[in-house]
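The structure file final_5.cif is reproduced below (mmCIF, C-alpha atoms).
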data_query
#
loop_
_atom_site.label_atom_id
_atom_site.label_comp_id
_atom_site.auth_asym_id
_atom_site.auth_seq_id
_atom_site.Cartn_x
_atom_site.Cartn_y
_atom_site.Cartn_z
CA MET A 1 1.57 155.51 90.73
CA THR A 2 3.49 152.45 89.58
CA ARG A 3 7.11 152.51 88.61
CA GLU A 4 8.83 149.89 86.52
CA THR A 5 12.34 148.53 86.47
CA GLU A 6 13.97 146.53 83.73
CA SER A 7 14.70 142.96 84.81
CA GLY A 8 18.02 141.95 83.40
CA ALA A 9 20.17 143.29 80.62
CA SER A 10 18.64 141.07 77.97
CA GLY A 11 15.41 143.01 77.73
CA GLY A 12 13.28 140.88 80.06
CA LYS A 13 9.75 141.81 81.00
CA PRO A 14 9.45 144.94 83.14
CA SER A 15 8.43 144.32 86.74
CA LYS A 16 6.65 146.69 89.07
CA MET A 17 8.60 148.14 91.96
CA SER A 18 6.98 147.13 95.25
CA LEU A 19 5.05 149.81 97.09
CA THR A 20 7.34 149.38 100.10
CA THR A 21 10.37 150.24 97.96
CA GLN A 22 8.56 153.27 96.53
CA ILE A 23 7.72 154.47 100.04
CA MET A 24 11.29 154.02 101.28
CA LEU A 25 12.63 156.00 98.32
CA ALA A 26 10.01 158.69 98.96
CA MET A 27 11.01 158.82 102.62
CA LEU A 28 14.68 159.19 101.70
CA GLY A 29 13.87 161.88 99.14
CA GLY A 30 11.74 163.76 101.67
CA LEU A 31 14.50 163.58 104.26
CA ILE A 32 17.12 164.97 101.88
CA LEU A 33 14.84 167.73 100.59
CA GLY A 34 13.76 168.62 104.13
CA VAL A 35 17.36 168.99 105.32
CA ILE A 36 18.15 171.17 102.27
CA PHE A 37 15.09 173.37 102.85
CA ASN A 38 16.00 173.69 106.54
CA LYS A 39 19.48 174.95 105.64
CA ILE A 40 18.12 177.38 103.02
CA GLY A 41 15.67 178.89 105.51
CA SER A 42 13.59 180.67 102.86
CA ASP A 43 10.36 182.29 104.09
CA PHE A 44 8.68 181.53 100.76
CA ILE A 45 9.62 177.83 100.93
CA ASN A 46 8.67 177.51 104.59
CA THR A 47 5.33 179.30 104.17
CA HIS A 48 4.03 178.22 100.77
CA ILE A 49 5.78 174.95 99.90
CA VAL A 50 6.38 173.31 103.28
CA GLY A 51 3.69 174.95 105.41
CA GLY A 52 1.27 175.07 102.48
CA LEU A 53 1.57 172.36 99.83
CA PHE A 54 3.46 169.70 101.82
CA ALA A 55 1.38 170.26 104.95
CA MET A 56 -1.85 170.01 102.94
CA ILE A 57 -0.92 166.78 101.14
CA GLY A 58 0.51 165.22 104.30
CA LYS A 59 -2.59 166.04 106.31
CA MET A 60 -4.85 164.72 103.54
CA PHE A 61 -2.92 161.44 103.53
CA VAL A 62 -3.06 161.01 107.32
CA ASN A 63 -6.76 161.95 107.32
CA ALA A 64 -7.37 159.34 104.61
CA LEU A 65 -5.71 156.68 106.76
CA LYS A 66 -7.74 157.73 109.80
CA MET A 67 -10.87 157.68 107.64
CA LEU A 68 -10.37 153.93 107.20
CA VAL A 69 -9.82 152.98 110.82
CA VAL A 70 -13.32 152.87 112.33
CA PRO A 71 -15.18 151.08 109.50
CA LEU A 72 -12.26 148.71 108.93
CA VAL A 73 -12.00 147.79 112.62
CA PHE A 74 -15.78 147.36 112.90
CA PHE A 75 -16.32 145.07 109.92
CA SER A 76 -13.06 143.20 110.36
CA LEU A 77 -13.76 142.59 114.05
CA ILE A 78 -17.33 141.44 113.33
CA CYS A 79 -15.89 138.94 110.84
CA GLY A 80 -13.23 137.95 113.36
CA VAL A 81 -15.67 137.32 116.21
CA THR A 82 -18.09 135.34 114.04
CA GLY A 83 -15.15 133.53 112.42
CA ILE A 84 -13.90 132.32 115.81
CA GLY A 85 -17.36 130.94 116.46
CA ASP A 86 -16.67 130.21 120.15
CA ILE A 87 -17.05 132.87 122.82
CA ARG A 88 -14.62 131.03 125.10
CA ILE A 89 -11.87 131.18 122.46
CA LEU A 90 -12.55 134.90 122.02
CA GLY A 91 -12.10 135.41 125.76
CA ARG A 92 -8.87 133.43 125.67
CA VAL A 93 -7.51 135.51 122.78
CA GLY A 94 -8.46 138.73 124.58
CA GLY A 95 -6.89 137.58 127.85
CA LYS A 96 -3.62 136.55 126.24
CA SER A 97 -3.44 139.82 124.29
CA PHE A 98 -4.10 141.96 127.35
CA VAL A 99 -1.48 140.23 129.51
CA LEU A 100 1.16 140.27 126.75
CA TYR A 101 0.57 143.93 125.89
CA LEU A 102 0.89 145.05 129.50
CA THR A 103 3.94 142.81 129.97
CA THR A 104 5.78 144.25 126.95
CA THR A 105 4.98 147.79 128.12
CA ALA A 106 6.29 147.10 131.63
CA ILE A 107 9.46 145.46 130.25
CA ALA A 108 9.96 148.37 127.83
CA ILE A 109 9.91 151.07 130.48
CA ALA A 110 12.00 148.98 132.90
CA VAL A 111 14.70 148.51 130.25
CA ALA A 112 14.54 152.24 129.45
CA ILE A 113 15.02 153.24 133.10
CA ILE A 114 17.95 150.82 133.53
CA LEU A 115 19.72 152.09 130.38
CA ALA A 116 19.06 155.72 131.24
CA SER A 117 20.35 155.21 134.79
CA MET A 118 23.56 153.66 133.40
CA ILE A 119 24.13 156.40 130.79
CA GLY A 120 22.96 159.29 132.98
CA PRO A 121 21.50 161.79 130.45
CA GLY A 122 20.87 165.23 131.93
CA LYS A 123 23.77 165.31 134.39
CA GLY A 124 25.45 168.71 134.21
CA PHE A 125 22.75 170.02 131.87
CA VAL A 126 22.58 173.84 131.54
CA MET A 127 19.14 175.38 130.94
CA ASP A 128 20.30 178.83 129.84
CA GLY A 129 18.08 180.29 127.13
CA ILE A 130 15.50 177.49 127.22
CA ASP A 131 11.91 178.47 127.94
CA THR A 132 10.31 176.04 130.41
CA SER A 133 7.07 177.95 130.88
CA GLY A 134 3.63 177.33 129.52
CA VAL A 135 3.55 173.54 129.89
CA THR A 136 0.34 172.27 131.49
CA GLY A 137 -0.09 168.93 133.16
CA ARG A 138 -2.84 166.37 133.18
CA GLU A 139 -4.11 164.50 136.22
CA ALA A 140 -3.61 160.75 136.12
CA PRO A 141 -6.82 158.70 135.89
CA THR A 142 -7.55 156.02 138.47
CA VAL A 143 -7.52 152.41 137.37
CA TRP A 144 -11.27 152.28 138.04
CA ASP A 145 -11.90 155.25 135.73
CA VAL A 146 -9.80 153.65 132.98
CA PHE A 147 -11.75 150.40 132.99
CA ALA A 148 -15.14 152.08 133.47
CA GLY A 149 -14.45 154.23 130.40
CA ILE A 150 -14.20 151.14 128.19
CA VAL A 151 -18.00 150.77 128.22
CA PRO A 152 -19.56 153.45 125.96
CA THR A 153 -22.63 155.40 127.01
CA ASN A 154 -23.33 156.25 123.37
CA PRO A 155 -21.88 153.87 120.76
CA VAL A 156 -22.62 156.31 117.94
CA ALA A 157 -20.57 159.01 119.69
CA SER A 158 -17.76 156.50 120.29
CA PHE A 159 -17.66 155.68 116.57
CA ALA A 160 -17.78 159.37 115.64
CA ASN A 161 -14.96 160.27 118.03
CA GLY A 162 -12.82 157.23 117.22
CA GLU A 163 -12.75 155.96 120.84
CA MET A 164 -11.03 152.69 119.97
CA LEU A 165 -11.47 150.77 123.23
CA GLN A 166 -15.16 151.61 123.33
CA ILE A 167 -15.55 150.65 119.66
CA ILE A 168 -13.85 147.31 120.28
CA PHE A 169 -16.02 146.63 123.33
CA TYR A 170 -19.25 147.42 121.51
CA THR A 171 -18.28 145.49 118.38
CA VAL A 172 -17.28 142.39 120.36
CA ILE A 173 -20.59 142.47 122.25
CA LEU A 174 -22.44 142.87 118.95
CA GLY A 175 -20.46 139.99 117.41
CA VAL A 176 -21.31 137.74 120.37
CA ALA A 177 -25.01 138.60 119.99
CA VAL A 178 -24.78 137.77 116.27
CA LEU A 179 -23.28 134.37 117.15
CA MET A 180 -26.06 133.69 119.63
CA LEU A 181 -28.74 134.28 116.97
CA GLY A 182 -27.31 131.50 114.82
CA ARG A 183 -28.75 131.06 111.30
CA LYS A 184 -30.76 134.28 111.54
CA SER A 185 -27.47 136.19 111.35
CA LYS A 186 -26.38 134.70 108.01
CA GLY A 187 -27.30 137.79 105.96
CA PHE A 188 -25.63 140.17 108.39
CA VAL A 189 -22.43 138.09 108.49
CA GLU A 190 -22.28 137.86 104.68
CA ALA A 191 -22.82 141.63 104.42
CA SER A 192 -20.07 142.24 106.99
CA GLU A 193 -17.67 139.97 105.10
CA TYR A 194 -18.43 141.86 101.89
CA MET A 195 -17.91 145.23 103.58
CA ASN A 196 -14.64 143.97 105.07
CA GLU A 197 -13.44 143.12 101.55
CA VAL A 198 -14.55 146.53 100.33
CA MET A 199 -12.68 148.27 103.15
CA MET A 200 -9.50 146.30 102.41
CA LYS A 201 -9.80 147.43 98.79
CA VAL A 202 -10.18 151.04 99.98
CA VAL A 203 -7.07 150.53 102.13
CA GLY A 204 -5.22 149.44 99.00
CA ILE A 205 -6.39 152.52 97.10
CA VAL A 206 -5.25 154.90 99.85
CA MET A 207 -1.93 153.09 100.24
CA ALA A 208 -1.26 153.40 96.51
CA PHE A 209 -0.83 157.14 97.12
CA ALA A 210 1.44 156.54 100.12
CA PRO A 211 4.75 157.52 98.43
CA ILE A 212 3.41 161.04 97.79
CA GLY A 213 1.97 161.38 101.30
CA VAL A 214 5.08 160.01 103.01
CA PHE A 215 7.37 162.25 100.94
CA CYS A 216 5.45 165.37 102.01
CA LEU A 217 5.24 164.32 105.68
CA ILE A 218 8.95 163.56 105.96
CA ALA A 219 10.01 166.67 103.99
CA LYS A 220 7.86 168.88 106.23
CA THR A 221 9.20 167.30 109.43
CA PHE A 222 12.87 167.62 108.52
CA THR A 223 12.41 171.16 107.18
CA GLU A 224 10.99 172.23 110.52
CA GLN A 225 13.44 170.25 112.71
CA GLY A 226 16.97 171.61 112.51
CA ILE A 227 20.02 169.83 113.87
CA GLU A 228 20.46 172.67 116.35
CA LEU A 229 17.48 171.38 118.35
CA PHE A 230 19.27 168.13 119.11
CA LEU A 231 22.54 169.52 120.45
CA PRO A 232 21.36 170.65 123.93
CA VAL A 233 19.58 167.33 124.56
CA LEU A 234 21.86 165.03 122.57
CA ALA A 235 22.43 162.67 125.51
CA TYR A 236 18.65 162.32 125.93
CA VAL A 237 18.16 161.59 122.21
CA VAL A 238 20.98 159.02 122.05
CA THR A 239 19.73 157.24 125.19
CA LEU A 240 16.14 157.19 123.95
CA VAL A 241 17.03 155.86 120.49
CA LEU A 242 19.30 153.21 122.04
CA ALA A 243 16.53 152.07 124.41
CA LEU A 244 14.01 151.95 121.54
CA PHE A 245 16.35 149.86 119.39
CA VAL A 246 17.15 147.48 122.25
CA HIS A 247 13.44 146.86 122.81
CA LEU A 248 12.71 146.54 119.08
CA PHE A 249 15.57 144.29 118.02
CA VAL A 250 16.27 142.40 121.27
CA THR A 251 13.31 142.23 123.65
CA LEU A 252 10.50 141.88 121.11
CA MET A 253 12.43 139.53 118.85
CA ILE A 254 13.39 137.24 121.75
CA MET A 255 9.74 137.14 122.85
CA LEU A 256 8.63 136.35 119.30
CA LYS A 257 11.11 133.50 118.94
CA LEU A 258 10.56 131.99 122.38
CA LEU A 259 6.76 132.26 122.49
CA SER A 260 5.90 131.55 118.84
CA GLY A 261 8.92 129.94 117.20
CA LEU A 262 8.61 132.31 114.23
CA SER A 263 11.76 133.64 112.55
CA PRO A 264 12.47 137.22 113.70
CA LEU A 265 14.28 138.05 110.44
CA THR A 266 11.36 136.92 108.28
CA PHE A 267 8.93 138.70 110.59
CA MET A 268 10.82 142.00 110.38
CA ARG A 269 10.86 141.85 106.60
CA LYS A 270 7.13 141.17 106.54
CA ILE A 271 6.16 143.96 108.94
CA ARG A 272 8.43 146.63 107.39
CA PRO A 273 5.65 148.45 105.45
CA ALA A 274 3.70 149.05 108.66
CA GLN A 275 6.84 150.33 110.39
CA ILE A 276 7.42 152.81 107.58
CA PHE A 277 3.83 154.05 107.77
CA ALA A 278 4.07 154.37 111.54
CA PHE A 279 7.32 156.33 111.26
CA SER A 280 5.88 158.77 108.71
CA THR A 281 2.49 159.33 110.42
CA ALA A 282 3.60 159.05 114.09
CA SER A 283 0.15 157.58 114.81
CA SER A 284 -0.56 153.99 115.85
CA ASN A 285 -4.26 154.44 115.11
CA ALA A 286 -3.68 155.80 111.61
CA THR A 287 -1.40 152.83 110.91
CA ILE A 288 -4.02 150.21 111.94
CA PRO A 289 -5.15 149.49 108.34
CA VAL A 290 -1.56 148.88 107.21
CA THR A 291 -0.60 146.86 110.30
CA LEU A 292 -3.69 144.68 109.94
CA ARG A 293 -2.99 144.07 106.27
CA CYS A 294 0.65 143.17 107.00
CA VAL A 295 -0.08 140.70 109.81
CA THR A 296 -2.87 138.96 107.89
CA GLU A 297 -1.60 138.99 104.30
CA ARG A 298 2.17 139.05 104.88
CA VAL A 299 2.69 137.27 108.22
CA GLY A 300 -0.24 134.87 107.76
CA VAL A 301 -2.22 135.61 110.92
CA ASN A 302 -5.88 134.61 110.60
CA ASN A 303 -8.24 137.59 110.49
CA SER A 304 -10.20 136.18 113.46
CA VAL A 305 -7.19 136.97 115.67
CA GLY A 306 -5.65 139.89 113.79
CA SER A 307 -8.87 141.91 113.64
CA PHE A 308 -9.05 141.91 117.44
CA CYS A 309 -5.40 142.08 118.50
CA VAL A 310 -4.19 144.83 116.13
CA PRO A 311 -6.71 147.61 117.01
CA PHE A 312 -6.60 146.50 120.66
CA GLY A 313 -2.82 146.84 120.66
CA ALA A 314 -2.89 150.21 118.88
CA THR A 315 -4.94 151.48 121.82
CA ILE A 316 -3.34 149.91 124.91
CA ASN A 317 0.16 148.91 123.77
CA MET A 318 2.54 151.84 124.08
CA ASP A 319 6.00 150.25 124.26
CA GLY A 320 7.79 153.12 122.51
CA THR A 321 5.91 155.75 124.46
CA ALA A 322 6.65 153.98 127.75
CA ILE A 323 10.35 153.94 126.85
CA MET A 324 10.23 157.68 126.20
CA GLN A 325 8.62 158.24 129.61
CA GLY A 326 11.30 156.20 131.36
CA VAL A 327 14.21 157.97 129.66
CA ALA A 328 12.61 161.40 130.00
CA THR A 329 11.94 160.86 133.70
CA VAL A 330 15.57 159.92 134.38
CA PHE A 331 16.76 162.82 132.20
CA LEU A 332 14.62 165.41 134.01
CA ALA A 333 15.47 163.96 137.44
CA ASN A 334 19.16 164.43 136.61
CA VAL A 335 18.56 167.95 135.25
CA TYR A 336 16.80 169.05 138.44
CA GLY A 337 19.10 167.06 140.73
CA ILE A 338 16.27 164.98 142.22
CA ASP A 339 16.91 161.41 143.36
CA LEU A 340 13.75 159.40 142.70
CA GLY A 341 15.00 156.20 144.30
CA LEU A 342 13.69 152.70 143.68
CA GLY A 343 10.18 153.59 144.83
CA GLY A 344 9.98 156.48 142.39
CA TYR A 345 11.02 154.34 139.44
CA VAL A 346 8.52 151.61 140.38
CA THR A 347 5.86 154.33 140.42
CA VAL A 348 6.96 155.45 136.95
CA ILE A 349 6.62 151.89 135.62
CA ALA A 350 3.17 151.45 137.16
CA MET A 351 1.94 154.83 135.94
CA ALA A 352 3.19 154.26 132.39
CA VAL A 353 1.46 150.88 132.16
CA LEU A 354 -1.79 152.32 133.55
CA ALA A 355 -1.72 155.41 131.35
CA SER A 356 -1.09 153.34 128.23
CA ILE A 357 -4.42 151.53 128.64
CA GLY A 358 -6.61 154.58 128.31
CA THR A 359 -4.59 156.76 125.94
CA ALA A 360 -5.27 157.11 122.23
CA GLY A 361 -2.60 156.22 119.69
CA VAL A 362 -2.27 159.67 118.13
CA PRO A 363 0.74 161.96 117.53
CA GLY A 364 2.07 163.77 120.61
CA VAL A 365 0.11 161.73 123.13
CA GLY A 366 3.36 160.65 124.81
CA LEU A 367 3.90 164.15 126.20
CA VAL A 368 0.39 164.16 127.69
CA MET A 369 1.10 160.82 129.36
CA LEU A 370 4.47 162.13 130.57
CA THR A 371 2.78 164.96 132.49
CA MET A 372 0.87 162.33 134.50
CA VAL A 373 4.06 160.42 135.30
CA LEU A 374 6.06 163.50 136.31
CA GLY A 375 3.25 164.72 138.54
CA GLN A 376 3.19 161.40 140.40
CA VAL A 377 6.92 161.40 141.20
CA GLY A 378 7.19 165.09 142.04
CA LEU A 379 9.19 166.32 139.05
CA PRO A 380 8.45 169.79 137.57
CA ILE A 381 6.06 169.40 134.63
CA GLU A 382 7.66 172.50 133.06
CA GLY A 383 10.71 170.35 132.33
CA ILE A 384 8.88 168.81 129.38
CA ALA A 385 9.72 172.00 127.47
CA LEU A 386 13.35 170.79 127.39
CA ILE A 387 12.46 167.90 125.09
CA LEU A 388 9.62 169.48 123.10
CA GLY A 389 11.87 170.43 120.19
CA VAL A 390 12.99 166.88 119.44
CA ASP A 391 9.78 165.09 120.39
CA ARG A 392 8.29 164.98 116.88
CA LEU A 393 11.16 162.96 115.44
CA MET A 394 11.36 160.79 118.54
CA ASP A 395 7.59 160.25 118.28
CA MET A 396 8.05 158.86 114.77
CA ILE A 397 10.59 156.29 115.96
CA ARG A 398 8.65 155.20 119.02
CA THR A 399 5.43 154.80 117.00
CA ALA A 400 7.26 152.34 114.74
CA VAL A 401 8.27 150.46 117.90
CA ASN A 402 4.66 150.58 119.16
CA ILE A 403 3.16 148.94 116.07
CA THR A 404 5.95 146.35 115.94
CA GLY A 405 4.95 145.37 119.46
CA ASP A 406 1.33 145.13 118.28
CA ALA A 407 2.34 142.82 115.44
CA VAL A 408 4.59 140.67 117.67
CA VAL A 409 1.88 140.09 120.28
CA THR A 410 -0.71 139.43 117.55
CA SER A 411 1.58 136.82 115.98
CA ILE A 412 2.33 135.17 119.33
CA VAL A 413 -1.35 134.92 120.23
CA ALA A 414 -2.28 133.66 116.77
CA LYS A 415 0.47 131.01 116.83
CA SER A 416 -0.67 129.81 120.25
CA GLU A 417 -4.18 129.36 118.83
CA GLY A 418 -2.97 127.64 115.64
CA LYS A 419 -4.10 130.63 113.59
CA VAL A 420 -0.91 131.36 111.60
CA ASP A 421 -0.66 130.13 108.01
CA MET A 422 3.00 129.10 107.80
CA ALA A 423 2.83 128.84 104.00
CA ILE A 424 2.08 132.57 103.89
CA PHE A 425 4.70 133.38 106.53
CA ASN A 426 7.43 131.49 104.67
CA ASP A 427 6.48 132.91 101.25
CA PRO A 428 8.56 136.10 100.72
CA ASP A 429 6.11 137.39 98.10
CA ALA A 430 2.88 136.67 100.00
CA GLY A 431 0.71 139.79 100.29
CA ILE A 432 3.44 142.02 98.93
CA LEU A 433 2.17 145.58 98.58
CA THR A 434 1.90 147.03 95.08
CA SER A 435 -0.05 149.77 93.37
CA ASP A 436 -2.29 147.25 91.60
CA ASP A 437 -5.26 148.33 93.70
CA LEU A 438 -5.65 151.31 91.38
CA ASP A 439 -5.87 149.03 88.34
CA ILE A 440 -9.46 148.75 87.09
CA ASP A 441 -10.74 145.32 86.08
CA LYS A 442 -12.68 146.07 82.89
CA ALA A 443 -14.52 142.73 83.00
CA ALA A 444 -15.68 143.28 86.59
CA GLU A 445 -16.69 146.85 85.73
CA ALA A 446 -18.78 145.67 82.78
CA GLU A 447 -20.40 142.92 84.86
CA LEU A 448 -21.40 145.36 87.59
CA ALA A 449 -22.77 147.77 84.97
CA GLN A 450 -25.15 145.03 83.77
CA TYR A 451 -26.53 144.68 87.30
CA ALA A 452 -26.90 148.44 87.64
CA LYS A 453 -28.96 148.82 84.44
CA PRO A 454 -32.72 149.26 85.02
CA HIS A 455 -34.75 146.23 83.92
#

Serialized structure, structure tokens:
Amino acid sequence: MTRETESGASGGKPSKMSLTTQIMLAMLGGLILGVIFNKIGSDFINTHIVGGLFAMIGKMFVNALKMLVVPLVFFSLICGVTGIGDIRILGRVGGKSFVLYLTTTAIAIAVAIILASMIGPGKGFVMDGIDTSGVTGREAPTVWDVFAGIVPTNPVASFANGEMLQIIFYTVILGVAVLMLGRKSKGFVEASEYMNEVMMKVVGIVMAFAPIGVFCLIAKTFTEQGIELFLPVLAYVVTLVLALFVHLFVTLMIMLKLLSGLSPLTFMRKIRPAQIFAFSTASSNATIPVTLRCVTERVGVNNSVGSFCVPFGATINMDGTAIMQGVATVFLANVYGIDLGLGGYVTVIAMAVLASIGTAGVPGVGLVMLTMVLGQVGLPIEGIALILGVDRLMDMIRTAVNITGDAVVTSIVAKSEGKVDMAIFNDPDAGILTSDDLDIDKAAEAELAQYAKPH
């Protein structure tokens, strides 16, 4: 899995290419191959190579990432809660995170609505030949239902189903109980710390295969998505991408600088691997292991804060998705010639923030949330069919924005608590991702074998 490059013309020692570079090259290769396959349009390629081999490898890679999420969040959060050692500090961290996540989401959708209103996508749009049937809506939950659903009735079922908010709630309660037992909990805490190290090693092993998985995911996506899909809704796509970039490079970076004092340029370089994973998987939840590793080992956030804020953000922070809802709402209002007015747009903002709290960070969830928003403001839900064709690629971009927001808020909260190691943050090579996790330490292997031998 490792690739080597010669350092210098004088025959210096070979150095390993960073995993991030490998993944970026794989993403570029997948994009080029996908565009070529799309133009060829071969049934054999589409069925057996793209729909068969690439789909299989891509799904295996995403499944492997999802496989890590629950145990990693559980053990990491247990270590984080016990590492904080003060329930009041834990409450303060949770409160800051919650307020910041909801604030960024509200700002994101407000910016999106303002930009979309200025650009006006959807005006003069012609729907000839576009099927707008067969789209079903989803009723919006009440705020009381959202918060009541955080408490699990069956923790085992919550873990099995990957209900992240319920898992976080249960794990925090368990961690508090462990703290209250004091010295009696020493064995459990040490076992949790060991399992957390094991899970981080498993994360490294899975990530070592990332270039292959990312290549297949990107190639499959661009084979299936032809440029023709973008032409009818080009104004929508341009407006959405512009709004996403404004939030990513302007809003979030200004917040990071003002509230933490950290360098946005350094931060963006450090968080890039997580952004790439988010783009390729289109899933905030599947990217949790990578985001957590980046904020702790690359940015320097202490695990006691990162282990709580990252999975919490992956569940309730939907900046990119909120932006999509704002742009899509304006687009569809223009298409159908409906004037929502100030009250309608305020409703959209409120609904997007509320829906983001109780919605899982999985691919395609933005469209489900959009049905709630459209229903509340009286727009035809069938209009979603107009943007279905381009939603997969847009989902990839907005997921990268989502996890960047998670990392920004985590860093802000950690800095406010004095939990950022600036030596790590300022070290460009700190926690850099390589394929070394597949290297087997012969000495450690032999030592463990001695313990495993029957006596």

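With distances taken over all atoms listed in the file, A:Leu256 is the one residue among A:Ala177, A:Val237, A:Leu256, A:Val151 lying closest to A:Ala414.
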
**Asked** Selected by the PyMOL selection byres ((chain A and resi 279) around 10) in the shown coordinates: which residues, as a PyMOL selection string?
**Response** chain A and resi 27+214+217-218+273-278+280-284+287+393-401+403

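Across A:Tyr345, A:Tyr170, A:Phe61, A:Phe312, the tightest approach to A:Val327 is made by A:Tyr345 when counting all atoms listed in the file.
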
**Message:** Once the PyMOL selection byres ((chain A and resi 105) around 8) has been evaluated on this model, what residues remain selected, and can you format them as a ChimeraX atom specification?
**Reply:** /A:101-104,106-109,317-319,322,352-353

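Residues in contact range of stretch 79-92 of chain A, defined as at most 8 Å between all atoms listed in the file, with sequence neighbours fewer than 3 positions away removed, read Phe75, Ser76, Gly95, Lys96, Val172, Gly175, Val176, Val178, Leu179, Val189, Ser192, Glu193, Asn196, Asn303, Ser304, Val305, Gly306, Ser307 and Phe308 of chain A.
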
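Considering all atoms listed in the file, the residue among A:Pro289, A:Gly378, A:Gly52, A:Gly261 positioned nearest to A:Ser416 is A:Gly261.
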
**Prompt:** What separation in Å, quoted to one decimal, exists between atom CA of A:Lys39 and atom CA of A:Leu53?
**Reply:**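 Atom-to-atom, atom CA of A:Lys39 and atom CA of A:Leu53 are spaced 19.0 Å apart.
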
**Request:** Carefully work through the PyMOL selection byres ((chain A and resi 332) around 12) for this structure and note down the residues it includes, as an MDAnalysis selection string.
**Result:** chainID A and resid 116:117 120:127 233 235:236 324:331 333:340 370:371 373:374 377:387

**Message:** Using only C-alpha atoms for the distances, tell me which of A:Val295, A:Met200, A:Leu77, A:Leu252 is nearest to A:Arg272.
**Reply:** A:Val295

**Straight-line distance linking atom CA of A:Met207 with atom CA of A:Gly58, stated in Å to one decimal** =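 Taking atom CA of A:Met207 and atom CA of A:Gly58, their separation equals 13.0 Å.
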
**Asked** From the set A:Val409, A:Leu367, A:Val206, A:Leu244, which residue has the shortest atom-to-atom contact distance to A:Ala314, counting all atoms listed in the file?
**Response** A:Val409

**Prompt:** Of the candidates A:Ile78, A:Val246, A:Met372, A:Val62, which shows the shortest atom-to-atom distance to A:Ser185, using all atoms listed in the file?
**Reply:** A:Ile78

**Request:** Determine, counting only C-alpha atoms, which protein, DNA and RNA residues have an atom within 8 Å of an atom of A:Ala219; residues of the same chain fewer than 2 positions away are not included. Present the result as a PyMOL selection string.
**Result:** chain A and resi 29-35+50+54+215-217+221-223

**Message:** Give me, as a PyMOL selection string, all polymer residues having an atom no more than 8 Å from A:Pro311, counting all atoms listed in the file and skipping those fewer than 6 positions away in the same chain.
**Reply:** chain A and resi 73+164+168+285+288

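The space between atom CA of A:Phe245 and atom CA of A:Ala110 spans 14.2 Å.
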
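For A:Ser263, the non-local neighbours within 12 Å, defined as residues at least 3 positions apart in the same chain or in other chains and counting all atoms listed in the file, are A:Leu252, A:Met253, A:Ile254, A:Met255, A:Leu256, A:Lys257, A:Leu258, A:Leu259, A:Ser260, A:Thr266, A:Phe267, A:Met268, A:Arg269, A:Lys270, A:Val299, A:Val408, A:Ser411, A:Ile412, A:Met422, A:Phe425, A:Asn426.
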
Just to be explicit: take each residue in the selection above, keep C-alpha atoms, and write the result as a PDB file, in the frame of the given file.
ATOM      1  CA  LEU A 252      10.500 141.880 121.110  1.00  0.00           C
ATOM      2  CA  MET A 253      12.430 139.530 118.850  1.00  0.00           C
ATOM      3  CA  ILE A 254      13.390 137.240 121.750  1.00  0.00           C
ATOM      4  CA  MET A 255       9.740 137.140 122.850  1.00  0.00           C
ATOM      5  CA  LEU A 256       8.630 136.350 119.300  1.00  0.00           C
ATOM      6  CA  LYS A 257      11.110 133.500 118.940  1.00  0.00           C
ATOM      7  CA  LEU A 258      10.560 131.990 122.380  1.00  0.00           C
ATOM      8  CA  LEU A 259       6.760 132.260 122.490  1.00  0.00           C
ATOM      9  CA  SER A 260       5.900 131.550 118.840  1.00  0.00           C
ATOM     10  CA  THR A 266      11.360 136.920 108.280  1.00  0.00           C
ATOM     11  CA  PHE A 267       8.930 138.700 110.590  1.00  0.00           C
ATOM     12  CA  MET A 268      10.820 142.000 110.380  1.00  0.00           C
ATOM     13  CA  ARG A 269      10.860 141.850 106.600  1.00  0.00           C
ATOM     14  CA  LYS A 270       7.130 141.170 106.540  1.00  0.00           C
ATOM     15  CA  VAL A 299       2.690 137.270 108.220  1.00  0.00           C
ATOM     16  CA  VAL A 408       4.590 140.670 117.670  1.00  0.00           C
ATOM     17  CA  SER A 411       1.580 136.820 115.980  1.00  0.00           C
ATOM     18  CA  ILE A 412       2.330 135.170 119.330  1.00  0.00           C
ATOM     19  CA  MET A 422       3.000 129.100 107.800  1.00  0.00           C
ATOM     20  CA  PHE A 425       4.700 133.380 106.530  1.00  0.00           C
ATOM     21  CA  ASN A 426       7.430 131.490 104.670  1.00  0.00           C
TER      22      ASN A 426
END

**Message:** I'd like the contact shell of stretch 63-67 of chain A - 6 Å cut-off, all atoms listed in the file, skipping same-chain residues fewer than 3 positions apart - returned as a PyMOL selection string.
**Reply:** chain A and resi 59-60+286
